[in-house]
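Enquirer: File final_24.pdb below, PDB, C-alpha atoms:
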ATOM      1  CA  MET A   8      87.049 103.356 103.324
ATOM      2  CA  GLY A   9      85.791 103.099  99.756
ATOM      3  CA  ARG A  10      85.300 100.276  97.288
ATOM      4  CA  ILE A  11      88.363  99.240  95.317
ATOM      5  CA  GLU A  12      88.055  99.963  91.614
ATOM      6  CA  GLY A  13      89.582  98.108  88.677
ATOM      7  CA  CYS A  14      86.990  95.393  88.039
ATOM      8  CA  ALA A  15      85.353  97.052  85.037
ATOM      9  CA  GLU A  16      88.714  97.827  83.434
ATOM     10  CA  TYR A  17      89.957  94.278  83.876
ATOM     11  CA  MET A  18      86.759  92.636  82.645
ATOM     12  CA  ARG A  19      86.723  94.815  79.513
ATOM     13  CA  PHE A  20      90.292  93.887  78.709
ATOM     14  CA  PRO A  21      89.922  90.109  78.149
ATOM     15  CA  ASP A  22      86.888  90.728  75.943
ATOM     16  CA  ALA A  23      88.349  93.592  73.911
ATOM     17  CA  ASP A  24      91.688  91.879  73.354
ATOM     18  CA  ARG A  25      90.268  88.429  72.684
ATOM     19  CA  ILE A  26      91.987  86.814  75.658
ATOM     20  CA  ARG A  27      88.990  84.716  76.624
ATOM     21  CA  THR A  28      85.221  84.571  76.311
ATOM     22  CA  VAL A  29      83.595  86.926  78.835
ATOM     23  CA  GLU A  30      80.153  86.122  80.250
ATOM     24  CA  ASP A  31      77.726  88.461  82.027
ATOM     25  CA  TRP A  32      78.036  86.651  85.370
ATOM     26  CA  MET A  33      81.820  87.117  85.588
ATOM     27  CA  ASP A  34      81.867  90.793  86.590
ATOM     28  CA  PRO A  35      79.552  90.295  89.616
ATOM     29  CA  ALA A  36      81.609  87.252  90.657
ATOM     30  CA  LEU A  37      84.779  89.339  90.622
ATOM     31  CA  ARG A  38      83.180  92.242  92.497
ATOM     32  CA  ALA A  39      81.758  89.983  95.219
ATOM     33  CA  LYS A  40      85.218  89.688  96.811
ATOM     34  CA  ASN A  41      86.588  93.057  95.780
ATOM     35  CA  GLY A  42      87.273  94.425  99.258
ATOM     36  CA  ALA A  43      87.635  98.012 100.412
ATOM     37  CA  PHE A  44      90.388 100.602 100.097
ATOM     38  CA  THR A  45      92.391 101.249 103.279
ATOM     39  CA  PRO A  46      93.785 104.783 103.680
ATOM     40  CA  ALA A  47      97.109 105.377 105.438
ATOM     41  CA  THR A  48      98.708 108.138 107.447
ATOM     42  CA  PRO A  49     101.935 109.660 106.022
ATOM     43  CA  GLY A  50     104.886 107.295 106.448
ATOM     44  CA  GLU A  51     102.738 104.313 107.442
ATOM     45  CA  ILE A  52     103.144 100.968 105.678
ATOM     46  CA  ARG A  53      99.853  99.119 105.479
ATOM     47  CA  ASN A  54      98.894  95.522 104.859
ATOM     48  CA  PHE A  55     100.822  94.224 101.824
ATOM     49  CA  PHE A  56      97.712  94.024  99.663
ATOM     50  CA  SER A  57      96.608  97.512 100.672
ATOM     51  CA  GLU A  58      99.957  98.826  99.444
ATOM     52  CA  LEU A  59      99.314  97.153  96.080
ATOM     53  CA  ASN A  60      95.748  98.427  95.773
ATOM     54  CA  TYR A  61      96.880 101.942  96.669
ATOM     55  CA  ARG A  62      99.298 101.988  93.720
ATOM     56  CA  ASP A  63      97.169 100.211  91.104
ATOM     57  CA  PRO A  64      94.002  98.241  91.971
ATOM     58  CA  ILE A  65      93.969  96.267  88.724
ATOM     59  CA  GLU A  66      96.878  94.070  89.862
ATOM     60  CA  LEU A  67      94.911  92.055  92.383
ATOM     61  CA  ARG A  68      91.841  91.974  90.142
ATOM     62  CA  THR A  69      93.825  89.668  87.852
ATOM     63  CA  HIS A  70      94.692  87.395  90.783
ATOM     64  CA  LEU A  71      91.063  87.268  91.874
ATOM     65  CA  HIS A  72      90.285  85.588  88.565
ATOM     66  CA  HIS A  73      89.879  82.384  90.540
ATOM     67  CA  ARG A  74      86.680  83.901  91.983
ATOM     68  CA  ILE A  75      85.337  83.689  88.449
ATOM     69  CA  GLU A  76      86.346  80.044  88.349
ATOM     70  CA  LEU A  77      84.476  79.270  91.551
ATOM     71  CA  ALA A  78      81.378  81.022  90.214
ATOM     72  CA  ALA A  79      81.653  79.026  86.993
ATOM     73  CA  MET A  80      80.996  75.836  88.963
ATOM     74  CA  VAL A  81      77.521  77.214  89.627
ATOM     75  CA  GLU A  82      76.891  79.204  86.457
ATOM     76  CA  VAL A  83      78.182  76.811  83.785
ATOM     77  CA  SER A  84      76.911  73.288  83.199
ATOM     78  CA  HIS A  85      79.531  70.632  82.510
ATOM     79  CA  THR A  86      78.938  67.419  80.581
ATOM     80  CA  SER A  87      80.702  65.461  83.314
ATOM     81  CA  PRO A  88      78.370  64.765  86.265
ATOM     82  CA  VAL A  89      81.397  64.901  88.578
ATOM     83  CA  ARG A  90      82.649  68.278  87.338
ATOM     84  CA  ASN A  91      79.115  69.648  87.143
ATOM     85  CA  THR A  92      78.784  69.432  90.934
ATOM     86  CA  PRO A  93      80.202  72.533  92.722
ATOM     87  CA  LEU A  94      83.056  71.584  95.034
ATOM     88  CA  LEU A  95      82.686  72.190  98.759
ATOM     89  CA  TYR A  96      86.352  73.163  98.821
ATOM     90  CA  ASN A  97      88.785  74.267  96.150
ATOM     91  CA  LEU A  98      90.991  71.177  96.296
ATOM     92  CA  TRP A  99      93.296  71.825  93.378
ATOM     93  CA  ASP A 100      95.688  74.452  94.718
ATOM     94  CA  ALA A 101      98.081  74.385  91.751
ATOM     95  CA  ARG A 102      95.174  74.800  89.347
ATOM     96  CA  SER A 103      93.485  77.651  91.176
ATOM     97  CA  GLU A 104      96.308  79.603  92.813
ATOM     98  CA  GLY A 105      98.603  78.822  89.895
ATOM     99  CA  LEU A 106      96.064  80.235  87.462
ATOM    100  CA  ALA A 107      95.518  83.330  89.604
ATOM    101  CA  THR A 108      99.265  83.990  89.832
ATOM    102  CA  GLY A 109      99.713  83.225  86.164
ATOM    103  CA  MET A 110      97.020  85.704  85.133
ATOM    104  CA  GLU A 111      98.944  88.514  86.836
ATOM    105  CA  LYS A 112     102.045  87.854  84.767
ATOM    106  CA  MET A 113     100.409  86.757  81.499
ATOM    107  CA  MET A 114      98.304  89.899  81.306
ATOM    108  CA  MET A 115     101.464  92.017  81.107
ATOM    109  CA  PRO A 116     102.644  90.842  77.662
ATOM    110  CA  ALA A 117      98.998  90.781  76.617
ATOM    111  CA  GLY A 118      98.965  94.566  77.045
ATOM    112  CA  LEU A 119      96.937  95.127  80.216
ATOM    113  CA  LEU A 120      99.655  97.298  81.770
ATOM    114  CA  ASP A 121     100.829  99.095  78.651
ATOM    115  CA  GLY A 122     101.694 102.668  79.566
ATOM    116  CA  ARG A 123     101.903 101.776  83.288
ATOM    117  CA  PRO A 124     105.563 100.838  83.857
ATOM    118  CA  ARG A 125     105.383 101.253  87.634
ATOM    119  CA  SER A 126     102.415  98.902  87.737
ATOM    120  CA  ARG A 127     104.486  96.264  85.957
ATOM    121  CA  GLN A 128     106.906  96.455  88.885
ATOM    122  CA  LEU A 129     104.096  95.461  91.245
ATOM    123  CA  VAL A 130     103.671  92.144  89.426
ATOM    124  CA  TRP A 131     107.324  91.287  90.103
ATOM    125  CA  VAL A 132     106.995  92.397  93.735
ATOM    126  CA  MET A 133     104.064  90.008  94.200
ATOM    127  CA  LEU A 134     105.937  87.181  92.497
ATOM    128  CA  ALA A 135     109.001  87.724  94.693
ATOM    129  CA  ARG A 136     106.856  87.712  97.814
ATOM    130  CA  ARG A 137     105.200  84.447  96.843
ATOM    131  CA  ALA A 138     108.613  82.911  96.264
ATOM    132  CA  ALA A 139     109.699  84.051  99.747
ATOM    133  CA  ARG A 140     106.561  82.588 101.326
ATOM    134  CA  ALA A 141     106.967  79.320  99.431
ATOM    135  CA  LEU A 142     110.588  78.896 100.490
ATOM    136  CA  SER A 143     109.679  79.613 104.113
ATOM    137  CA  GLY A 144     106.951  77.003 103.891
ATOM    138  CA  LEU A 145     109.312  74.405 102.433
ATOM    139  CA  HIS A 146     111.793  75.031 105.242
ATOM    140  CA  SER A 147     108.953  74.604 107.747
ATOM    141  CA  HIS A 148     107.941  71.264 106.253
ATOM    142  CA  GLY A 149     111.580  70.177 106.298
ATOM    143  CA  ASN A 150     111.938  71.087 109.994
ATOM    144  CA  VAL A 151     114.601  73.651 109.088
ATOM    145  CA  PHE A 152     112.471  76.582 110.314
ATOM    146  CA  ASP A 153     110.049  76.725 113.191
ATOM    147  CA  MET A 154     106.986  78.902 112.655
ATOM    148  CA  GLU A 155     108.540  82.170 113.797
ATOM    149  CA  GLU A 156     111.688  81.565 111.754
ATOM    150  CA  ALA A 157     109.510  80.959 108.691
ATOM    151  CA  VAL A 158     107.590  84.155 109.383
ATOM    152  CA  GLY A 159     110.810  86.133 109.818
ATOM    153  CA  HIS A 160     112.266  84.799 106.567
ATOM    154  CA  ALA A 161     109.156  85.586 104.506
ATOM    155  CA  THR A 162     108.864  89.037 106.062
ATOM    156  CA  GLY A 163     112.519  89.872 105.535
ATOM    157  CA  GLN A 164     112.565  88.693 101.924
ATOM    158  CA  THR A 165     109.450  90.604 100.833
ATOM    159  CA  PRO A 166     110.497  93.538  98.624
ATOM    160  CA  ARG A 167     110.221  97.154  99.818
ATOM    161  CA  GLY A 168     109.501  96.209 103.436
ATOM    162  CA  TRP A 169     105.806  95.988 102.676
ATOM    163  CA  ILE A 170     105.113  93.633 105.584
ATOM    164  CA  PRO A 171     105.675  95.911 108.590
ATOM    165  CA  ASP A 172     104.423  93.299 111.068
ATOM    166  CA  ALA A 173     104.218  89.530 110.975
ATOM    167  CA  ALA A 174     100.457  89.099 111.412
ATOM    168  CA  LEU A 175      99.649  88.610 107.716
ATOM    169  CA  VAL A 176     102.516  86.294 106.897
ATOM    170  CA  ARG A 177     102.065  84.313 110.133
ATOM    171  CA  ASN A 178      98.467  83.610 109.164
ATOM    172  CA  GLN A 179      99.604  82.524 105.713
ATOM    173  CA  GLN A 180     102.385  80.302 107.029
ATOM    174  CA  HIS A 181      99.799  78.457 109.132
ATOM    175  CA  LEU A 182      97.708  78.036 105.983
ATOM    176  CA  TYR A 183     100.745  76.737 104.094
ATOM    177  CA  LEU A 184     101.186  73.895 106.563
ATOM    178  CA  GLN A 185      98.965  72.133 104.034
ATOM    179  CA  PRO A 186     101.570  70.286 101.925
ATOM    180  CA  GLY A 187     102.018  71.909  98.544
ATOM    181  CA  HIS A 188      99.786  74.929  99.126
ATOM    182  CA  GLY A 189     102.485  77.556  99.587
ATOM    183  CA  THR A 190     104.430  76.459  96.517
ATOM    184  CA  SER A 191     101.331  75.976  94.343
ATOM    185  CA  TYR A 192     101.206  79.662  93.361
ATOM    186  CA  LEU A 193     104.475  79.250  91.460
ATOM    187  CA  THR A 194     104.404  75.566  90.504
ATOM    188  CA  GLY A 195     100.834  75.835  89.221
ATOM    189  CA  LYS A 196     101.700  78.946  87.228
ATOM    190  CA  SER A 197     104.580  77.064  85.593
ATOM    191  CA  GLN A 198     102.352  74.073  84.814
ATOM    192  CA  ILE A 199      99.794  76.260  83.041
ATOM    193  CA  GLU A 200     102.480  78.126  81.097
ATOM    194  CA  GLU A 201     104.015  74.810  80.008
ATOM    195  CA  LEU A 202     100.576  73.554  78.960
ATOM    196  CA  MET A 203     100.028  76.681  76.870
ATOM    197  CA  ALA A 204     103.380  76.164  75.127
ATOM    198  CA  GLU A 205     102.705  72.479  74.468
ATOM    199  CA  TRP A 206      99.197  73.141  73.170
ATOM    200  CA  ALA A 207     100.452  75.976  70.945
ATOM    201  CA  ILE A 208     102.928  73.580  69.294
ATOM    202  CA  GLN A 209     100.155  71.067  68.652
ATOM    203  CA  GLU A 210      97.775  73.702  67.318
ATOM    204  CA  ASP A 211     100.445  75.339  65.143
ATOM    205  CA  ALA A 212      98.831  78.054  62.972
ATOM    206  CA  GLY A 213      95.451  77.495  64.636
ATOM    207  CA  PHE A 214      96.695  78.610  68.043
ATOM    208  CA  THR A 215      95.206  81.684  69.706
ATOM    209  CA  VAL A 216      95.331  82.717  73.349
ATOM    210  CA  LYS A 217      91.533  82.921  73.421
ATOM    211  CA  ARG A 218      91.125  79.333  72.201
ATOM    212  CA  PHE A 219      93.652  78.155  74.787
ATOM    213  CA  PHE A 220      91.957  79.814  77.731
ATOM    214  CA  ASP A 221      88.481  78.787  76.603
ATOM    215  CA  ALA A 222      89.682  75.166  76.410
ATOM    216  CA  LEU A 223      91.426  75.420  79.791
ATOM    217  CA  PHE A 224      88.309  76.780  81.485
ATOM    218  CA  ALA A 225      86.004  74.342  79.707
ATOM    219  CA  ALA A 226      87.897  71.463  81.306
ATOM    220  CA  GLY A 227      86.755  72.666  84.719
ATOM    221  CA  VAL A 228      88.612  73.133  88.003
ATOM    222  CA  ILE A 229      90.638  69.926  88.016
ATOM    223  CA  PRO A 230      94.380  69.256  88.438
ATOM    224  CA  VAL A 231      96.463  70.731  85.626
ATOM    225  CA  VAL A 232      97.916  67.321  84.797
ATOM    226  CA  LEU A 233      94.408  66.049  83.984
ATOM    227  CA  THR A 234      93.603  69.176  81.985
ATOM    228  CA  ARG A 235      96.816  68.570  80.032
ATOM    229  CA  ARG A 236      95.727  65.021  79.277
ATOM    230  CA  GLU A 237      92.339  66.258  78.065
ATOM    231  CA  MET A 238      93.708  69.083  75.902
ATOM    232  CA  THR A 239      96.790  67.407  74.438
ATOM    233  CA  GLY A 240      96.193  63.684  74.821
ATOM    234  CA  THR A 241      99.492  63.394  76.721
ATOM    235  CA  THR A 242      99.434  60.805  79.509
ATOM    236  CA  ASP A 243     103.070  60.658  80.656
ATOM    237  CA  GLU A 244     102.596  62.759  83.795
ATOM    238  CA  VAL A 245      99.455  60.843  84.793
ATOM    239  CA  LEU A 246     101.169  57.461  84.361
ATOM    240  CA  ASN A 247     104.326  58.607  86.155
ATOM    241  CA  ALA A 248     102.282  59.908  89.087
ATOM    242  CA  GLY A 249     100.554  56.542  89.322
ATOM    243  CA  SER A 250     103.843  54.631  89.334
ATOM    244  CA  ARG A 251     105.225  56.856  92.110
ATOM    245  CA  GLY A 252     102.126  56.298  94.230
TER     246      GLY A 252
END
Please go through the file and, once you have read it, give me the structure as structure tokens.

Expert:
Amino acid sequence: MGRIEGCAEYMRFPDADRIRTVEDWMDPALRAKNGAFTPATPGEIRNFFSELNYRDPIELRTHLHHRIELAAMVEVSHTSPVRNTPLLYNLWDARSEGLATGMEKMMMPAGLLDGRPRSRQLVWVMLARRAARALSGLHSHGNVFDMEEAVGHATGQTPRGWIPDAALVRNQQHLYLQPGHGTSYLTGKSQIEELMAEWAIQEDAGFTVKRFFDALFAAGVIPVVLTRREMTGTTDEVLNAGSRG
């Protein structure tokens, strides 16, 4: 096995294309959880993520952006004494997994995969798989599926048959018994995309992607609804959540 590449290419891209401010500590944070390449014998289908890394390792480097976020809790001081204290657990699933999923897709129109059309397909494969997992999880919470039915659904709906056995998805379905976790990859992604659109309208001619991401990250790892309130001044979602509680 060898180390998976792609970190240097990905970290150069946000800086060169003015996507966000890049700090020296970010590259080591990304590499710390980079993993190893898993070879395969002819005709064998490996772990889903190994199949992705085999075809283009940069895809999952974008998702592992949330490793940079976790490191930021240690590396970057925040004016808020609450947000300046590193969390013992990443509580805000929609913020963290939604951002990680969103970075995969948002880097495509930004140009990261220009000239790599087959790599663009991998982004849609990952998105489809997360939708299959999320739906299986919702059916589990609704007592429509038992665990093995949820595993079978997620496995069967994953494109290209890239889950040859149920071990990976079974582990994830147990993880997604936490309410909201399995769907947070997609719901959080949508929340961040909606926030970008709303903030762009407010900023008008002053809008840039770099300014958006720098403001998003400066808010810290908190629920997207609170980041939205801080960036746009909009309180409707916060007030509505309180009234439902």

Enquirer: How far is it from atom CA of Arg102 of chain A to atom CA of Phe214 of chain A, in Å with one decimal?

Expert: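 Value for the atom CA of Arg102 of chain A-atom CA of Phe214 of chain A distance: 21.7 Å.
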
Enquirer: Build an axis-aligned box that encloses every atom of segment 100-116 of chain A listed in the file, pad it by 4 Å on each side, and report its centre and edge lengths in Å to one decimal, as lines of an AutoDock Vina configuration file.

Expert:
center_x = 98.1
center_y = 83.2
center_z = 86.2
size_x = 17.2
size_y = 25.6
size_z = 25.1

Enquirer: Which residues fall under the PyMOL selection byres ((chain A and resi 79) around 12) in this file, as a ChimeraX atom specification?

Expert: /A:29-37,72-78,80-85,90-94,224-228

Enquirer: Report as a VMD selection string the full result of the PyMOL selection byres ((chain A and resi 158) around 8) when it is applied to this structure.

Expert: chain A and resid 143 154 to 157 159 to 162 173 176 to 177 180

Enquirer: Which residues are near Arg137 of chain A? Cut-off 9 Å, only C-alpha atoms, ignore same chain within fewer than 4 positions. Put them as number ranges by chain.

Expert: A: 132-133, 141-142, 161, 165, 189-190, 192-193

Enquirer: Skip segment 125-129 of chain A itself and residues of its chain fewer than 4 positions away, then list as an MDAnalysis selection string all residues within 8 Å of it, counting all atoms listed in the file.

Expert: chainID A and resid 59 62:63 66 115 120 133

Enquirer: I'd like to know which of A:Asp172, A:Leu184, A:Thr239, A:Lys196 is closest to Phe55 of chain A, using only C-alpha atoms.

Expert: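 For Phe55 of chain A, the nearest of the candidates is A:Asp172.
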
Enquirer: Nearest to Thr69 of chain A among A:Pro186, A:Gly13, A:Pro49, A:Gly118, with distances taken over all atoms listed in the file: which residue is it?

Expert: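 Result for the nearest residue to Thr69 of chain A: A:Gly13.
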
Enquirer: Looking at A:Ala23, A:Leu119, A:Ile199, A:Ala212, which one is nearest to Met238 of chain A, with distances taken over all atoms listed in the file?

Expert: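 Checking each of A:Ala23, A:Leu119, A:Ile199, A:Ala212 against Met238 of chain A, counting all atoms listed in the file, the winner is A:Ile199.
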
Enquirer: Any chance you could work out the residue set of the PyMOL selection byres ((chain A and resi 111) around 8) here, as a list in words?

Expert: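 Selection result, ordered by chain and number: Glu66, Leu67, Thr69, His70, Ala107, Thr108, Gly109, Met110, Lys112, Met113, Met114, Met115 and Val130 of chain A.
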
Enquirer: Between atom CA of Arg167 of chain A and atom CA of Gly144 of chain A, what distance in Å does the model show, to one decimal?

Expert: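 Between atom CA of Arg167 of chain A and atom CA of Gly144 of chain A the gap is 20.8 Å.
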
Enquirer: Calculated over only C-alpha atoms, which of the candidates A:Asn178, A:Pro171, A:Ala101, A:Pro166 has the smallest distance to Val232 of chain A?

Expert: A:Ala101

Enquirer: Smallest atom-to-atom distance to Val216 of chain A: which of A:Thr28, A:Thr242, A:Asn60, A:Ser147, using all atoms listed in the file?

Expert: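 Among the listed residues, the smallest separation from Val216 of chain A belongs to A:Thr28.
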
Enquirer: Using all atoms listed in the file, which of A:Asp211, A:Asp24, A:Asp221, A:Asp243 sits nearest Pro116 of chain A?

Expert: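 So, comparing all the options, the nearest one is A:Asp24.
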
Enquirer: So how many Å separate atom CA of Ser57 of chain A and atom CA of Leu175 of chain A, to one decimal?

Expert: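 One can read the atom CA of Ser57 of chain A to atom CA of Leu175 of chain A distance as 11.8 Å.
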
Enquirer: As a PyMOL selection string, please: the residues near Gly240 of chain A (cut-off 12 Å, all atoms listed in the file, same-chain neighbours under 5 positions excluded).

Expert: chain A and resi 202+205-206+209+232-235+245
